[in-house]
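Written below as structure tokens is the structure these notes are about.
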Amino acid sequence: MQLSGRFLTLVRHPYSSPVFVTIFRRLAALALPLLLAASATAAELKIGLSADVTTIDPHFVAAQPNLTVAHHVFEPLMHVDAGGRTVPVLATWRNPDSLTWEFSLRKGVKFHDGSELTAEDVAFSLERPLAITGSPGGFAPYVKAIVAREIVDRHTIRVRTAAPHGALPQELAEVMIVSRKAARGASGPDFDSGRAAIGTGPYRLVRFARGSHVELARHDDYWGGRLAWDRVTLRIMPADPVRTAALLSGELDAIENVPSADLARLKKNAALRLEQAVSWRTILLHLDQARDRPPGLASKAGKPLEANPLKDLRVRRALSKAINRQAIAERVMEGLALPAAGVVSPSMFGHNPGVKPEPFDPEGARRLLAEAGYPDGFALTLATPNNRYVNDEQVAQAVAQMFARVGVATRVEAMPLAVYFGKARGREFGVALLGWGSLAADLALRSLAATPDPGRGYGAWNWSGHASAKLDRLIEQSLATVDAGKRETIAREASALAAAEVAFIALHYQVATWAMRANLAYTARTDEFTFAHHFRPR
């Protein structure tokens, strides 16, 4: 419209005849749609991400920030919708028998280099996670159940499991399909540079500037149809105030993980709109139950303890009772959380509604500590990231104060995620905060609470070293059940047992919030993922 206005101003002086006015108006009317069309094809979306992205390699570490970017460049065989249901993406599937899964690939799907997706690419992608070394928590557990792969034809592949494995579609929803030609022999730097980052996703990788941003360009041959955005920039902005300020200034079009402190202000801003959903993510505490002298645990005088108090169920229960989850949800999280009981949030498969959050009971906590032989308490260090989850450091500080009130002197050690995960995987912490999102309770428990067994892919994120033969059996039985109803019954039983054993302390389920310009629309996702291709102009 500005162009039209300028044209009309020019014709009034000195060319003020009605003929000239009519001609220029017609020219402007013709030019404006062309300019708008050009603008549409060059549309750019800028999104502020709340956590660091460490690599573009989609098989190196199963961390959500990396997966967020991966889903733009690559695609899995199937994915989940905004509500957490598994849906086909690159393939449909069927079970010829209880041990066999046959995947029929979508035909005509093109990689970014123009080559066609085939069953060979899928077979390679399902094997590659097993060959990854040095990962702090990779994707091998998601493909461990597969014992054989058979390429039937160019667009059909069958995989077999040693035993019935009902969770396979949910697991493979996390495994990206890469180009065999581009990724064979490739390492992390090859993906980060873009050389090996050849996927079928809606966007091509243009540049990965670690710690700063990811630049993406539209994949013109994308099978899913024309995309609204020609270019996408994913800005890495872990600092909450910086992310909010960038949105308010117009530097960004949308942000994820809206800080609770800014929620009320953004809601009142007519130029913005918010979308929210109860997240699949459970914020929890891992308590080292394996070692005799975990890091950070000592007497209040700083001397070594004779035994590890966290091995005692009474101590773990005491610490859980000491936590006022409702206060954390209302005050620290400012309404962006629900008190947690089990390993997955209410909308997820296997959530057990019969498991209730541990009641806040400081007196009961003190009694349990005394029964366990710690009437005067002890001291511990609680480690936490300070730039990954909503108000993560503040939550840890609140928990530390609550522990102190029952006699457990607690120091908080907070650090950036890039440092934190490496230390946590190196078992440098005795008590550590973690956020975990999963489509199913049995899958979450396999990673978080099963007895660590790298060969089977069990306990990959079990920082506590919790070991329970009964819990392991329930997890195994659940995952081996193809009947969804029976599987969920067993998964709920496993969730209840993990809570009873205090395999970890569940704190709260996050509420995920996105803020965006008022002329944009986005369907809030329970899995917290932020996808540029799901943003739409209103």
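Letters for chains follow the order of the structure tokens (A, B, ...), residue numbers begin at 1 for each chain, and ligand numbers begin at 1 in the order shown.
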Could you give me, as an MDAnalysis selection string, each residue of range 34-257 of chain A that DSSP assigns to strand (DSSP E or B) when run on this structure's backbone? chainID A and resid 44:49 75:76 78:80 86:88 91:97 100:105 110 116 146:153 156:161 176:177 203:209 213:218 231:236 254:255
Leaving out Ala444 in chain A and any residue of its chain fewer than 6 positions from it, which residues lie within 8 Å of it when counting only C-alpha atoms, given as number ranges by chain? A: 343-344, 436-438
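Within the 12 Å cut-off around Ala245 in chain A, using only C-alpha atoms and omitting residues fewer than 2 positions from it on the same chain, the listed residues are Gly48, Met237, Ala239, Asp240, Pro241, Val242, Arg243, Leu247, Leu248, Ser249, Gly250, Glu251, Leu252, Asp253, Ala254, Ile255, Val258, Pro259, Asp262, Arg265, Leu266 and Ala515 of chain A.
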For the residues in that selection, give me N, CA, C and O atoms as a compact mmCIF listing (two decimals), in the first residue's frame.
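Listing of part-v5.txt after writing:
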```
# COMPACT_ATOMS: atom_id res chain seq x y z
N GLY A 48 13.10 -17.63 18.47
CA GLY A 48 14.06 -17.70 19.57
C GLY A 48 13.94 -19.01 20.32
O GLY A 48 12.88 -19.30 20.91
N MET A 237 18.89 -18.63 22.23
CA MET A 237 18.81 -17.58 23.25
C MET A 237 18.41 -18.17 24.60
O MET A 237 17.25 -18.06 25.02
N ALA A 239 19.07 -17.18 27.56
CA ALA A 239 18.76 -16.18 28.58
C ALA A 239 17.33 -15.67 28.39
O ALA A 239 17.00 -15.07 27.36
N ASP A 240 16.48 -15.90 29.38
CA ASP A 240 15.07 -15.54 29.26
C ASP A 240 14.84 -14.06 28.95
O ASP A 240 14.07 -13.74 28.04
N PRO A 241 15.46 -13.12 29.68
CA PRO A 241 15.20 -11.71 29.39
C PRO A 241 15.60 -11.31 27.97
O PRO A 241 14.92 -10.49 27.34
N VAL A 242 16.67 -11.89 27.48
CA VAL A 242 17.14 -11.57 26.13
C VAL A 242 16.13 -12.06 25.09
O VAL A 242 15.81 -11.35 24.12
N ARG A 243 15.60 -13.25 25.31
CA ARG A 243 14.63 -13.82 24.36
C ARG A 243 13.35 -12.99 24.33
O ARG A 243 12.82 -12.67 23.26
N LEU A 247 11.74 -10.51 21.19
CA LEU A 247 10.38 -10.60 20.66
C LEU A 247 9.70 -9.24 20.70
O LEU A 247 9.08 -8.80 19.73
N LEU A 248 9.82 -8.56 21.83
CA LEU A 248 9.15 -7.26 21.99
C LEU A 248 9.71 -6.20 21.04
O LEU A 248 8.98 -5.32 20.59
N SER A 249 10.99 -6.31 20.72
CA SER A 249 11.60 -5.33 19.83
C SER A 249 11.31 -5.60 18.36
O SER A 249 11.60 -4.76 17.50
N GLY A 250 10.76 -6.77 18.06
CA GLY A 250 10.51 -7.14 16.67
C GLY A 250 11.67 -7.88 16.02
O GLY A 250 11.59 -8.25 14.85
N GLU A 251 12.73 -8.11 16.78
CA GLU A 251 13.87 -8.85 16.25
C GLU A 251 13.49 -10.30 15.96
O GLU A 251 14.04 -10.92 15.05
N LEU A 252 12.55 -10.84 16.75
CA LEU A 252 12.05 -12.19 16.56
C LEU A 252 10.56 -12.16 16.28
O LEU A 252 9.85 -11.23 16.70
N ASP A 253 10.09 -13.20 15.59
CA ASP A 253 8.66 -13.33 15.33
C ASP A 253 7.97 -14.20 16.37
O ASP A 253 6.77 -14.07 16.59
N ALA A 254 8.72 -15.09 17.01
CA ALA A 254 8.15 -16.00 18.00
C ALA A 254 9.24 -16.50 18.92
O ALA A 254 10.42 -16.53 18.55
N ILE A 255 8.85 -16.90 20.13
CA ILE A 255 9.78 -17.50 21.08
C ILE A 255 9.10 -18.69 21.73
O ILE A 255 7.87 -18.76 21.83
N VAL A 258 8.22 -19.35 27.16
CA VAL A 258 8.05 -17.99 27.67
C VAL A 258 8.37 -17.97 29.16
O VAL A 258 7.84 -18.78 29.93
N PRO A 259 9.25 -17.08 29.59
CA PRO A 259 9.58 -17.01 31.02
C PRO A 259 8.35 -16.68 31.85
O PRO A 259 7.54 -15.83 31.46
N ASP A 262 7.55 -13.06 32.62
CA ASP A 262 7.08 -12.18 31.55
C ASP A 262 5.68 -12.54 31.06
O ASP A 262 5.14 -11.85 30.18
N ARG A 265 2.82 -9.82 31.35
CA ARG A 265 3.08 -8.67 30.48
C ARG A 265 2.81 -9.00 29.01
O ARG A 265 2.21 -8.22 28.29
N LEU A 266 3.23 -10.18 28.58
CA LEU A 266 3.04 -10.56 27.19
C LEU A 266 1.56 -10.81 26.89
O LEU A 266 1.10 -10.53 25.77
N ALA A 515 5.08 -17.57 22.57
CA ALA A 515 4.58 -16.22 22.30
C ALA A 515 4.99 -15.86 20.88
O ALA A 515 6.11 -16.18 20.44
```
Provide the CA of Ser179 in chain A to CA of Asp153 in chain A distance in Å, to one decimal place. 17.2 Å
Enumerate as a VMD selection string all residues of range 218-272 of chain A assigned to helix (DSSP H, G or I) by DSSP on the backbone, naming them with the chain letters and numbers the document uses. chain A and resid 240 to 249 260 to 268
